[in-house]
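Dropping coords-v1.txt in here (compact mmCIF, C-alpha atoms):
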```
# COMPACT_ATOMS: atom_id res chain seq x y z
CA MET A 718 25.62 -48.46 14.41
CA SER A 719 25.85 -47.54 10.77
CA LYS A 720 22.86 -45.76 9.31
CA VAL A 721 24.00 -46.22 5.74
CA SER A 722 21.64 -47.70 3.16
CA THR A 723 22.37 -48.41 -0.45
CA SER A 724 18.86 -48.53 -1.89
CA PHE A 725 16.76 -45.39 -2.31
CA GLU A 726 13.83 -47.67 -3.12
CA GLU A 727 14.11 -49.33 0.32
CA SER A 728 14.70 -46.08 2.19
CA VAL A 729 11.52 -44.39 0.92
CA ARG A 730 9.40 -47.39 2.02
CA LYS A 731 9.32 -45.63 5.37
CA ILE A 732 6.98 -43.08 3.79
CA LYS A 733 3.30 -44.06 4.02
CA ASP A 734 0.10 -42.75 2.43
CA GLY A 735 -1.09 -39.65 4.30
CA ASP A 736 2.29 -38.80 5.85
CA THR A 737 3.57 -35.29 6.43
CA LEU A 738 6.95 -34.81 4.74
CA ILE A 739 9.40 -32.00 5.33
CA VAL A 740 11.66 -31.58 2.33
CA GLY A 741 14.83 -29.46 2.21
CA GLY A 742 15.79 -27.17 -0.65
CA PHE A 743 15.28 -23.65 -1.94
CA GLY A 744 14.05 -23.54 -5.51
CA LEU A 745 15.90 -26.46 -7.11
CA SER A 746 19.02 -25.85 -5.01
CA GLY A 747 19.84 -28.40 -2.32
CA ILE A 748 16.82 -30.60 -3.01
CA PRO A 749 17.01 -34.34 -2.21
CA GLU A 750 16.59 -35.16 -5.87
CA ASN A 751 17.23 -38.93 -5.68
CA LEU A 752 14.86 -39.43 -2.75
CA ILE A 753 12.14 -37.46 -4.54
CA GLN A 754 12.56 -39.61 -7.66
CA ALA A 755 12.37 -42.81 -5.61
CA LEU A 756 9.22 -41.51 -3.88
CA ALA A 757 7.68 -40.67 -7.27
CA GLU A 758 8.33 -44.26 -8.37
CA GLN A 759 6.86 -45.65 -5.15
CA GLY A 760 3.68 -43.64 -5.75
CA THR A 761 2.78 -42.94 -2.08
CA LYS A 762 -0.33 -40.76 -1.99
CA ASP A 763 -2.19 -38.11 0.05
CA LEU A 764 1.04 -36.54 1.23
CA THR A 765 1.25 -33.24 3.05
CA VAL A 766 4.51 -31.71 1.85
CA VAL A 767 6.28 -28.89 3.69
CA SER A 768 8.95 -27.23 1.58
CA ASN A 769 9.80 -23.64 0.63
CA ASN A 770 8.87 -24.23 -3.02
CA CYS A 771 7.30 -27.00 -5.06
CA GLY A 772 9.89 -27.63 -7.75
CA VAL A 773 9.23 -26.98 -11.44
CA ASP A 774 6.87 -28.97 -13.68
CA ASP A 775 9.30 -31.75 -14.52
CA TRP A 776 11.81 -31.69 -11.65
CA GLY A 777 12.02 -31.79 -7.88
CA LEU A 778 8.69 -31.87 -6.03
CA GLY A 779 6.99 -31.14 -9.36
CA LEU A 780 7.41 -34.87 -10.08
CA LEU A 781 5.17 -35.72 -7.10
CA LEU A 782 2.60 -33.17 -8.28
CA GLN A 783 2.52 -34.70 -11.76
CA ASN A 784 1.73 -38.07 -10.12
CA ARG A 785 -0.96 -36.45 -7.95
CA GLN A 786 0.80 -37.68 -4.80
CA ILE A 787 0.50 -34.39 -2.91
CA LYS A 788 -2.76 -33.60 -1.11
CA LYS A 789 -1.58 -30.46 0.66
CA MET A 790 1.39 -28.18 0.09
CA ILE A 791 2.82 -25.83 2.75
CA ALA A 792 5.25 -23.41 1.09
CA SER A 793 6.25 -19.74 0.82
CA TYR A 794 6.48 -19.41 -2.96
CA VAL A 795 5.05 -21.67 -5.66
CA GLY A 796 5.20 -19.46 -8.74
CA GLU A 797 7.47 -21.62 -10.89
CA ASN A 798 5.08 -24.45 -11.54
CA LYS A 799 2.16 -24.73 -14.03
CA THR A 800 1.05 -28.16 -12.76
CA PHE A 801 0.73 -26.61 -9.33
CA GLU A 802 -1.43 -23.80 -10.65
CA SER A 803 -3.86 -26.08 -12.49
CA GLN A 804 -4.24 -28.55 -9.60
CA TYR A 805 -4.79 -25.68 -7.19
CA LEU A 806 -7.35 -23.92 -9.39
CA ASN A 807 -9.40 -27.08 -9.93
CA GLY A 808 -9.40 -27.84 -6.20
CA GLU A 809 -7.29 -31.02 -6.24
CA LEU A 810 -4.53 -29.48 -4.21
CA GLU A 811 -4.79 -27.76 -0.84
CA VAL A 812 -2.29 -24.94 -0.29
CA GLU A 813 -1.08 -23.11 2.80
CA LEU A 814 1.17 -20.17 1.98
CA VAL A 815 3.50 -19.22 4.83
CA PRO A 816 6.00 -16.33 4.91
CA GLN A 817 9.47 -17.76 4.38
CA GLY A 818 10.88 -16.72 7.75
CA THR A 819 7.80 -18.01 9.55
CA LEU A 820 8.03 -21.28 7.63
CA ALA A 821 11.70 -21.69 8.58
CA GLU A 822 10.99 -20.88 12.23
CA ARG A 823 7.95 -23.21 12.38
CA ILE A 824 10.14 -26.06 11.17
CA ARG A 825 12.98 -25.04 13.49
CA ALA A 826 10.54 -24.90 16.40
CA GLY A 827 9.20 -28.33 15.47
CA GLY A 828 12.66 -29.84 15.66
CA ALA A 829 13.43 -27.98 18.88
CA GLY A 830 10.28 -28.98 20.78
CA ILE A 831 8.84 -25.45 20.86
CA ARG A 832 5.13 -25.77 20.13
CA GLY A 833 4.50 -22.22 18.95
CA PHE A 834 5.93 -18.70 18.90
CA TYR A 835 4.83 -15.09 18.43
CA THR A 836 6.10 -13.14 15.44
CA PRO A 837 5.32 -9.72 13.98
CA THR A 838 5.52 -11.15 10.47
CA GLY A 839 2.16 -10.98 8.70
CA VAL A 840 0.34 -8.74 11.19
CA GLY A 841 -2.31 -6.73 9.31
CA THR A 842 -2.19 -9.08 6.30
CA PRO A 843 -4.45 -11.96 5.17
CA ILE A 844 -2.19 -14.52 6.85
CA ALA A 845 -2.95 -13.09 10.32
CA GLU A 846 -6.68 -13.78 9.99
CA GLY A 847 -7.96 -16.16 12.65
CA LYS A 848 -4.64 -16.24 14.53
CA GLU A 849 -4.13 -15.20 18.15
CA HIS A 850 -2.73 -11.65 18.44
CA LYS A 851 -0.64 -10.50 21.38
CA GLU A 852 1.23 -7.29 22.08
CA PHE A 853 4.84 -7.24 23.37
CA ASP A 854 6.24 -3.80 24.32
CA GLY A 855 3.82 -2.15 21.93
CA LYS A 856 4.57 -4.48 19.02
CA THR A 857 1.69 -6.68 17.85
CA CYS A 858 2.55 -10.29 17.05
CA ILE A 859 0.65 -13.37 15.94
CA LEU A 860 0.90 -16.92 17.22
CA GLU A 861 2.39 -19.42 14.79
CA GLU A 862 2.55 -23.16 15.47
CA ALA A 863 5.44 -25.57 15.01
CA ILE A 864 5.60 -28.07 12.17
CA VAL A 865 6.89 -31.62 12.58
CA GLY A 866 7.13 -34.30 9.92
CA ASP A 867 6.62 -38.04 9.92
CA VAL A 868 9.57 -38.15 7.57
CA ALA A 869 12.12 -35.49 6.54
CA LEU A 870 14.07 -35.71 3.30
CA VAL A 871 17.30 -33.75 3.17
CA LYS A 872 20.24 -33.25 0.85
CA ALA A 873 23.77 -32.67 2.17
CA TRP A 874 27.20 -32.50 0.58
CA LYS A 875 29.11 -34.93 2.81
CA GLY A 876 28.04 -37.20 5.59
CA ASP A 877 29.54 -39.94 7.72
CA SER A 878 28.03 -43.33 8.51
CA TYR A 879 26.57 -42.00 11.78
CA GLY A 880 24.67 -39.33 9.88
CA ASN A 881 26.74 -36.22 10.67
CA LEU A 882 26.16 -33.83 7.77
CA ILE A 883 27.90 -30.92 6.06
CA TYR A 884 26.17 -28.78 3.43
CA ARG A 885 27.67 -26.85 0.54
CA TYR A 886 27.13 -23.11 -0.12
CA THR A 887 23.48 -21.99 -0.25
CA ALA A 888 22.34 -25.59 -0.73
CA ARG A 889 22.13 -25.63 3.08
CA ASN A 890 18.94 -23.48 3.11
CA PHE A 891 16.10 -25.46 4.81
CA ASN A 892 17.97 -28.77 5.06
CA PRO A 893 19.30 -28.57 8.66
CA LEU A 894 15.86 -27.43 9.86
CA ALA A 895 14.10 -30.24 8.03
CA ALA A 896 16.59 -32.78 9.41
CA ALA A 897 15.75 -31.88 13.00
CA ALA A 898 11.98 -31.74 12.45
CA GLY A 899 11.54 -35.21 10.99
CA GLU A 900 10.46 -38.13 13.18
CA HIS A 901 12.48 -40.21 10.70
CA THR A 902 15.09 -38.27 8.71
CA ILE A 903 16.63 -39.61 5.52
CA ALA A 904 19.69 -37.79 4.15
CA GLU A 905 21.10 -38.19 0.67
CA VAL A 906 24.68 -37.03 0.22
CA GLU A 907 27.28 -36.73 -2.51
CA GLU A 908 29.94 -38.50 -0.46
CA ILE A 909 29.86 -40.80 2.58
CA VAL A 910 33.03 -40.83 4.68
CA GLU A 911 34.19 -42.80 7.72
CA PRO A 912 33.43 -41.42 11.22
CA GLY A 913 36.20 -39.04 12.26
CA GLU A 914 36.90 -37.78 8.76
CA LEU A 915 34.58 -34.80 9.13
CA ASP A 916 36.00 -32.18 11.49
CA PRO A 917 33.60 -31.98 14.49
CA ASN A 918 34.12 -28.20 14.49
CA PHE A 919 32.36 -27.95 11.17
CA ILE A 920 29.43 -30.36 11.39
CA HIS A 921 26.21 -28.55 10.37
CA THR A 922 23.73 -31.31 11.28
CA PRO A 923 24.82 -33.57 14.16
CA SER A 924 24.13 -37.29 13.68
CA ILE A 925 21.40 -37.36 16.36
CA TYR A 926 18.91 -35.91 13.86
CA VAL A 927 19.56 -38.41 11.08
CA GLN A 928 18.17 -41.97 10.99
CA ASN A 929 19.20 -43.05 7.51
CA ILE A 930 21.89 -41.90 5.06
CA LEU A 931 22.52 -42.77 1.41
CA LYS A 932 24.93 -41.74 -1.29
CA GLY A 933 23.36 -40.58 -4.54
CA ASP A 934 24.98 -41.94 -7.69
CA HIS A 935 24.10 -38.91 -9.72
CA PHE A 936 23.14 -35.31 -8.94
CA GLU A 937 21.70 -33.17 -11.68
CA LYS A 938 21.71 -29.94 -9.58
CA ARG A 939 19.50 -28.27 -12.12
CA ILE A 940 19.86 -24.47 -12.30
CA GLU A 941 16.66 -22.42 -12.42
CA ARG A 942 18.13 -19.09 -13.56
CA ARG A 943 21.53 -19.25 -15.13
CA THR A 944 22.97 -15.77 -14.79
CA VAL A 945 26.56 -15.00 -15.84
CA ARG A 946 28.79 -12.00 -16.43
CA GLN A 947 31.30 -11.39 -19.20
CA ALA A 948 34.83 -12.50 -18.36
CA GLN A 949 37.11 -9.45 -17.95
CA MET B 1234 16.82 0.44 -19.18
CA SER B 1235 13.72 2.64 -19.22
CA ASN B 1236 14.09 6.21 -18.14
CA SER B 1237 11.88 5.82 -15.07
CA ARG B 1238 13.68 2.66 -13.96
CA GLU B 1239 17.05 4.39 -14.37
CA LYS B 1240 15.86 7.34 -12.28
CA ILE B 1241 14.59 5.10 -9.50
CA ILE B 1242 17.73 2.97 -9.35
CA SER B 1243 20.10 5.96 -9.45
CA ARG B 1244 18.25 7.46 -6.50
CA ALA B 1245 17.84 4.20 -4.57
CA VAL B 1246 21.55 3.36 -4.61
CA LYS B 1247 22.18 6.52 -2.54
CA GLU B 1248 20.35 4.85 0.35
CA ILE B 1249 23.24 2.44 0.75
CA GLU B 1250 25.92 3.56 3.17
CA ASP B 1251 29.39 2.27 3.89
CA GLY B 1252 29.37 -0.66 6.31
CA MET B 1253 25.72 -1.61 5.82
CA ASN B 1254 24.19 -5.08 5.59
CA VAL B 1255 21.53 -4.79 2.91
CA ASN B 1256 18.76 -6.99 1.52
CA LEU B 1257 17.72 -6.26 -2.07
CA GLY B 1258 14.41 -7.68 -3.27
CA ILE B 1259 13.88 -9.69 -6.45
CA GLY B 1260 13.42 -7.79 -9.73
CA MET B 1261 14.24 -4.08 -10.02
CA PRO B 1262 15.98 -3.89 -6.60
CA THR B 1263 18.49 -6.56 -7.71
CA LEU B 1264 19.75 -4.10 -10.36
CA ILE B 1265 20.93 -1.75 -7.59
CA ALA B 1266 23.73 -4.18 -6.66
CA ASP B 1267 25.83 -3.32 -9.71
CA ARG B 1268 25.62 0.40 -8.94
CA ILE B 1269 27.05 0.35 -5.42
CA PRO B 1270 30.32 2.35 -5.54
CA GLU B 1271 33.44 0.31 -4.81
CA THR B 1272 34.39 2.84 -2.15
CA LYS B 1273 31.55 1.48 0.00
CA SER B 1274 32.00 -1.78 1.83
CA VAL B 1275 28.59 -3.42 1.83
CA PHE B 1276 27.39 -6.94 2.54
CA LEU B 1277 24.35 -7.98 0.53
CA HIS B 1278 22.09 -10.44 2.34
CA SER B 1279 20.28 -13.14 0.39
CA GLU B 1280 17.47 -14.68 2.43
CA ASN B 1281 18.12 -18.21 1.16
CA GLY B 1282 21.26 -18.17 3.31
CA LEU B 1283 24.15 -15.96 2.19
CA LEU B 1284 25.62 -12.74 3.58
CA GLY B 1285 28.05 -11.24 1.05
CA ILE B 1286 26.68 -11.81 -2.46
CA GLY B 1287 29.32 -11.36 -5.16
CA PRO B 1288 28.85 -10.69 -8.89
CA TYR B 1289 27.32 -13.22 -11.28
CA PRO B 1290 29.79 -16.01 -12.14
CA VAL B 1291 31.66 -16.03 -15.43
CA GLU B 1292 30.32 -18.56 -17.87
CA GLY B 1293 31.32 -22.10 -16.97
CA GLU B 1294 31.59 -21.32 -13.26
CA GLU B 1295 27.88 -21.37 -12.44
CA ASP B 1296 27.09 -23.69 -9.57
CA GLY B 1297 23.60 -24.94 -8.72
CA ASP B 1298 24.58 -24.94 -5.04
CA LEU B 1299 25.23 -21.19 -5.04
CA ILE B 1300 22.21 -19.03 -5.82
CA ASN B 1301 20.49 -15.87 -4.60
CA ALA B 1302 16.88 -15.49 -3.43
CA GLY B 1303 15.81 -14.95 -7.05
CA LYS B 1304 17.28 -18.41 -7.82
CA GLU B 1305 19.99 -16.80 -9.97
CA THR B 1306 23.51 -18.21 -9.96
CA VAL B 1307 25.85 -15.90 -8.02
CA THR B 1308 29.29 -15.86 -6.40
CA THR B 1309 30.43 -14.77 -2.94
CA LYS B 1310 32.53 -11.78 -1.96
CA LYS B 1311 35.46 -11.99 0.46
CA GLY B 1312 34.17 -12.26 4.01
CA ALA B 1313 30.90 -13.91 3.01
CA SER B 1314 29.09 -16.47 5.17
CA PHE B 1315 26.46 -19.18 4.63
CA PHE B 1316 23.68 -20.15 7.05
CA ASP B 1317 20.34 -21.93 7.16
CA ASN B 1318 16.99 -20.22 6.61
CA ALA B 1319 16.03 -19.96 10.29
CA GLU B 1320 19.25 -18.07 10.94
CA SER B 1321 18.77 -15.99 7.81
CA PHE B 1322 15.41 -14.76 9.09
CA ALA B 1323 16.75 -14.34 12.61
CA MET B 1324 19.05 -11.75 11.01
CA ILE B 1325 16.04 -10.11 9.38
CA ARG B 1326 13.45 -10.27 12.18
CA GLY B 1327 16.09 -9.59 14.80
CA GLY B 1328 16.82 -6.18 13.27
CA HIS B 1329 20.36 -7.01 12.16
CA VAL B 1330 19.80 -6.11 8.51
CA ASP B 1331 20.26 -2.32 8.21
CA LEU B 1332 18.31 -1.74 5.04
CA ALA B 1333 15.92 -3.56 2.73
CA ILE B 1334 15.01 -2.21 -0.70
CA LEU B 1335 11.96 -3.93 -2.18
CA GLY B 1336 9.58 -3.43 -5.09
CA GLY B 1337 5.94 -2.47 -4.52
CA MET B 1338 2.53 -2.66 -6.16
CA GLU B 1339 0.86 -0.09 -3.86
CA VAL B 1340 1.98 2.02 -0.90
CA SER B 1341 -0.50 3.88 1.30
CA GLU B 1342 -0.07 7.20 3.09
CA LYS B 1343 0.21 5.27 6.38
CA GLY B 1344 3.19 3.36 5.05
CA ASP B 1345 1.28 0.15 4.31
CA LEU B 1346 2.75 -1.99 1.54
CA ALA B 1347 1.07 -4.34 -0.92
CA ASN B 1348 3.41 -6.30 -3.18
CA TRP B 1349 2.53 -10.00 -3.13
CA MET B 1350 -0.89 -10.81 -4.54
CA ILE B 1351 -3.59 -9.61 -6.90
CA PRO B 1352 -7.05 -11.09 -6.09
CA GLY B 1353 -8.39 -13.18 -8.97
CA LYS B 1354 -4.91 -14.03 -10.22
CA MET B 1355 -2.93 -17.12 -9.26
CA VAL B 1356 -1.25 -16.47 -5.93
CA LYS B 1357 2.43 -17.31 -6.15
CA GLY B 1358 3.29 -16.66 -2.54
CA MET B 1359 4.91 -13.98 -0.46
CA GLY B 1360 8.34 -15.59 -0.11
CA GLY B 1361 10.29 -13.63 2.50
CA ALA B 1362 8.69 -10.22 1.88
CA MET B 1363 6.42 -10.18 4.97
CA ASP B 1364 9.33 -11.01 7.27
CA ILE B 1365 11.67 -8.50 5.64
CA VAL B 1366 9.29 -5.53 5.90
CA GLN B 1367 8.71 -6.28 9.60
CA GLY B 1368 12.32 -6.88 10.49
CA ALA B 1369 14.74 -4.74 8.50
CA ARG B 1370 15.80 -1.56 10.33
CA LYS B 1371 14.90 0.59 7.36
CA VAL B 1372 12.46 -0.41 4.61
CA VAL B 1373 12.69 1.45 1.31
CA ILE B 1374 10.16 0.71 -1.43
CA ILE B 1375 10.92 1.48 -5.06
CA MET B 1376 8.20 1.51 -7.72
CA ASN B 1377 6.77 3.54 -10.56
CA HIS B 1378 4.56 6.36 -9.32
CA VAL B 1379 1.60 5.40 -11.54
CA ASN B 1380 0.50 2.11 -13.12
CA LYS B 1381 0.25 1.46 -16.85
CA HIS B 1382 -3.25 3.00 -16.86
CA GLY B 1383 -1.87 6.20 -15.36
CA GLN B 1384 -3.45 5.58 -11.93
CA SER B 1385 -1.57 6.47 -8.78
CA LYS B 1386 0.12 3.57 -6.95
CA VAL B 1387 0.65 5.90 -3.99
CA ARG B 1388 -2.75 5.48 -2.34
CA SER B 1389 -4.77 6.79 0.58
CA GLU B 1390 -5.44 3.10 1.38
CA CYS B 1391 -4.02 0.01 -0.34
CA GLU B 1392 -6.68 -1.88 -2.27
CA LEU B 1393 -4.56 -4.99 -2.66
CA PRO B 1394 -3.97 -7.38 0.25
CA LEU B 1395 -1.15 -6.10 2.43
CA THR B 1396 2.38 -7.41 2.80
CA GLY B 1397 2.80 -5.30 5.92
CA SER B 1398 0.94 -2.60 7.80
CA GLN B 1399 2.81 0.67 8.54
CA VAL B 1400 6.14 -0.82 7.57
CA VAL B 1401 7.51 1.52 4.88
CA ASP B 1402 10.09 4.11 5.98
CA ARG B 1403 10.80 5.62 2.57
CA LEU B 1404 9.24 5.43 -0.89
CA ILE B 1405 11.23 6.21 -4.03
CA THR B 1406 9.28 6.56 -7.28
CA ASP B 1407 10.23 7.89 -10.69
CA MET B 1408 8.85 11.29 -9.58
CA ALA B 1409 9.63 11.75 -5.91
CA VAL B 1410 10.94 10.56 -2.57
CA PHE B 1411 8.57 10.34 0.42
CA ASP B 1412 9.19 9.54 4.08
CA PHE B 1413 6.64 8.05 6.48
CA THR B 1414 6.87 9.82 9.82
CA GLU B 1415 4.85 10.20 13.01
CA ASN B 1416 3.25 13.20 11.32
CA GLY B 1417 2.27 11.26 8.23
CA MET B 1418 3.66 11.09 4.74
CA VAL B 1419 6.15 13.78 3.79
CA LEU B 1420 7.41 14.69 0.32
CA ARG B 1421 11.19 15.05 0.69
CA GLU B 1422 12.59 15.23 -2.81
CA ILE B 1423 11.46 15.74 -6.37
CA LEU B 1424 13.29 13.77 -9.05
CA ASP B 1425 14.44 15.36 -12.31
CA GLY B 1426 11.65 16.17 -14.72
CA SER B 1427 8.97 16.56 -12.08
CA ASP B 1428 7.67 19.29 -9.75
CA ILE B 1429 5.45 19.51 -6.68
CA GLU B 1430 2.31 20.14 -8.74
CA THR B 1431 2.92 17.10 -11.00
CA VAL B 1432 3.55 14.95 -7.93
CA ARG B 1433 0.28 16.17 -6.38
CA GLN B 1434 -1.70 15.39 -9.52
CA ASN B 1435 -0.33 11.86 -9.65
CA THR B 1436 -0.62 11.01 -5.96
CA GLU B 1437 -3.86 9.79 -4.41
CA ALA B 1438 -2.35 9.78 -0.91
CA SER B 1439 -2.36 12.88 1.29
CA PHE B 1440 1.09 14.20 2.10
CA THR B 1441 2.82 17.30 3.39
CA VAL B 1442 5.76 18.95 1.68
CA ASP B 1443 9.08 19.17 3.46
CA GLU B 1444 9.91 22.75 4.37
CA SER B 1445 13.26 22.85 2.57
CA LEU B 1446 11.56 21.63 -0.60
CA ARG B 1447 8.89 24.34 -0.34
CA LYS B 1448 11.56 27.01 -0.07
CA LYS B 1449 13.48 25.56 -2.99
CA GLU B 1450 10.42 25.40 -5.22
CA GLY B 1451 9.31 28.88 -4.14
CA SER B 1452 12.67 30.36 -5.12
CA GLN B 1453 12.54 29.01 -8.66
```

Just give me the structure as structure tokens.
Amino acid sequence: MSKVSTSFEESVRKIKDGDTLIVGGFGLSGIPENLIQALAEQGTKDLTVVSNNCGVDDWGLGLLLQNRQIKKMIASYVGENKTFESQYLNGELEVELVPQGTLAERIRAGGAGIRGFYTPTGVGTPIAEGKEHKEFDGKTCILEEAIVGDVALVKAWKGDSYGNLIYRYTARNFNPLAAAAGEHTIAEVEEIVEPGELDPNFIHTPSIYVQNILKGDHFEKRIERRTVRQAQ
Amino acid sequence: MSNSREKIISRAVKEIEDGMNVNLGIGMPTLIADRIPETKSVFLHSENGLLGIGPYPVEGEEDGDLINAGKETVTTKKGASFFDNAESFAMIRGGHVDLAILGGMEVSEKGDLANWMIPGKMVKGMGGAMDIVQGARKVVIIMNHVNKHGQSKVRSECELPLTGSQVVDRLITDMAVFDFTENGMVLREILDGSDIETVRQNTEASFTVDESLRKKEGSQ
């Protein structure tokens, strides 16, 4: 059964007011930019969004912030976004800051059916407050709970019509984790190929995790910090 | 580059040994990368999912799909690998990264580190810092010894919220190098332009002086 759609507008209809969304990407790299734009146009509200960052003011998840579609943000770093700061300071936006490795593992655990895990990360810091502590061989750890999403939005490089996905360079980041942790996972890719064209040895996200796949017509791939060296 | 920054970076790069896998934090630690001698084979780990960071790309070859943890465009070196974020932090928490060099706001005499938030200011987030200080085999913090008001950043207790408790192995400032041991904080080295007395005056934390350093200073 082909999972290919052609309309971003139709694909994001799956997302309802109040849903929890897990969104791939690190900074602006490897973000599902076409799905985010379609969701901004749809205007779905009261979303809980789980993603490492929250875009910049006018791109990525920042577009959903501008529209006041996000009720709660779960992220590890949100420093690149003025809209975020103002909505947080005036109490419109709820924020849960999670260490990056804990965030990745909570999403991984969600996709893998592990309900919680103990980690040393954050012991003795504000994020450990109110969490169960347990000692393992003399090392204190805290209990962290899994995250699952009603919908996951991911960006891959190539995919086939069954939803097998391959990512490119560091644009992989949170995308495979998000794909597995979504009850309904939508993948946007730069190229859709026929089954069999992707070498099974090199599939990053097996098709079982993906419910819907679309090809984006255009990818901006905006760069946050353009750093270059002089040619020799 | 300021004199103090230059001193810190020149000293910090000596922490890197041949064959190591190293994570360099965002900001001043990133500058260490360019100073690693070519005679040393080192893989730099970027927590967004790359082991083997190469130099910045030449103009025109930047690629939005290839960035470091500071969101800067980078390249890869030969032998590099890509992976997802859960795997990236498995490398960190699992003790596979030999060395992490990070910036600091305050370090206490117990080896506590604060480097992610200032109460009353907008909190940007800790990123991967809390995981890295818990997981890397050796954690080296680099920072100026005093703040812009001349107050010691090397404290008896951190005032700022912690990134990690008792996580620092070594502290390199523009004045000195300290180690955190079972017997407390030990002054190991004095950097050019400073002496034990100056370090004492600018350090709120209690520390002992390494024996070899005492002999050296006594002989001068």

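Contact shell of B:Asp1402 at 10 Å (only C-alpha atoms; same-chain neighbours under 5 positions omitted): Lys1343, Gly1344, Asp1345, Val1366, Arg1370, Lys1371, Val1372, Val1373, Ile1374, Phe1411, Asp1412, Phe1413, Thr1414 and Met1418 of chain B.
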
Find the residue from A:Thr944, A:Asn881, A:Thr857, A:Asn929 that sits nearest to chain B; use all atoms listed in the file when measuring.
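Answer, going by the shortest atom-to-atom distance: A:Thr944.
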
Could you give me, as JSON, numbers by chain, the residues within 8 Å of B:Asp1364, counting only C-alpha atoms and dropping anything in the same chain fewer than 6 positions from it?
{"A": [816, 817, 818, 819, 837, 838, 839], "B": [1322, 1325, 1326]}

Quick one: residues within 10 Å of stretch 824-835 of chain A, all atoms listed in the file, excluding same-chain residues fewer than 6 positions away - as a PyMOL selection string?
(chain A and resi 739+767-768+818+849-853+857-866+891+893-900+926) or (chain B and resi 1318-1320)

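Using only C-alpha atoms, the protein and nucleic acid residues lying no more than 9 Å from B:Ser1427, apart from those fewer than 4 places from it along its own chain, are Asp1407, Met1408, Ala1409, Ile1423, Thr1431 and Val1432 of chain B.
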
Using all atoms listed in the file, select each residue of chain B with any atom at most 9 Å away from an atom of chain A, and give the selection as a PyMOL selection string.
chain B and resi 1280-1283+1288-1307+1314-1323+1325-1326+1355-1368+1394-1398

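The residue that comes closest to A:Ala869, out of A:Gln759, A:Ser924, A:Asn784, A:Thr737 and on the basis of all atoms listed in the file, is A:Thr737.
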
Counting all atoms listed in the file, I want the residues whose atoms come within 12 Å of (10.3, 12.8, -7.7) in the file frame, returned as an MDAnalysis selection string.
chainID B and resid 1237 1240:1241 1244:1245 1375:1378 1404:1411 1420:1433 1435:1436 1446

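Around A:Gln783, within 12 Å and counting all atoms listed in the file, the residues found are Gln754, Ala757, Glu758, Gly760, Lys762, Cys771, Gly772, Val773, Asp774, Asp775, Trp776, Gly777, Leu778, Gly779, Ile787, Lys788, Asn798, Lys799, Thr800, Phe801, Glu802, Ser803, Gln804, Glu809 and Leu810 of chain A, once anything fewer than 4 positions away on its own chain is removed.
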
Using all atoms listed in the file, pick whichever of A:Met790, A:Ile930, A:Met718, A:Val766 has the shortest atom-to-atom distance to A:Ala904.
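Checking each candidate against A:Ala904, we get A:Ile930 as the closest.
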
Pop stretch 911-921 of chain A out of the structure in the block and write N, CA and C atoms as an mmCIF file, in the first residue's frame.
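Result went into result26.cif, see below:
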```
data_model
loop_
_atom_site.group_PDB
_atom_site.id
_atom_site.type_symbol
_atom_site.label_atom_id
_atom_site.label_comp_id
_atom_site.auth_asym_id
_atom_site.auth_seq_id
_atom_site.Cartn_x
_atom_site.Cartn_y
_atom_site.Cartn_z
ATOM 1 N N GLU A 911 10.928 4.501 -6.039
ATOM 2 C CA GLU A 911 10.163 3.250 -6.028
ATOM 3 C C GLU A 911 10.749 2.295 -4.983
ATOM 4 N N PRO A 912 9.900 1.430 -4.377
ATOM 5 C CA PRO A 912 10.426 0.421 -3.452
ATOM 6 C C PRO A 912 11.532 -0.389 -4.133
ATOM 7 N N GLY A 913 12.588 -0.685 -3.393
ATOM 8 C CA GLY A 913 13.704 -1.439 -3.956
ATOM 9 C C GLY A 913 14.850 -0.565 -4.410
ATOM 10 N N GLU A 914 14.567 0.705 -4.638
ATOM 11 C CA GLU A 914 15.647 1.597 -5.097
ATOM 12 C C GLU A 914 16.582 2.001 -3.968
ATOM 13 N N LEU A 915 16.062 2.057 -2.736
ATOM 14 C CA LEU A 915 16.936 2.360 -1.599
ATOM 15 C C LEU A 915 17.536 1.042 -1.121
ATOM 16 N N ASP A 916 18.840 1.022 -0.923
ATOM 17 C CA ASP A 916 19.525 -0.177 -0.457
ATOM 18 C C ASP A 916 19.087 -0.482 0.980
ATOM 19 N N PRO A 917 18.497 -1.671 1.225
ATOM 20 C CA PRO A 917 18.016 -1.998 2.578
ATOM 21 C C PRO A 917 19.111 -1.939 3.644
ATOM 22 N N ASN A 918 20.387 -2.051 3.214
ATOM 23 C CA ASN A 918 21.492 -1.936 4.170
ATOM 24 C C ASN A 918 21.603 -0.544 4.761
ATOM 25 N N PHE A 919 21.054 0.433 4.048
ATOM 26 C CA PHE A 919 21.299 1.816 4.451
ATOM 27 C C PHE A 919 20.031 2.606 4.751
ATOM 28 N N ILE A 920 18.958 1.882 5.097
ATOM 29 C CA ILE A 920 17.733 2.571 5.515
ATOM 30 C C ILE A 920 17.941 3.070 6.948
ATOM 31 N N HIS A 921 17.660 4.349 7.206
ATOM 32 C CA HIS A 921 17.775 4.877 8.574
ATOM 33 C C HIS A 921 16.468 4.676 9.352
#
```
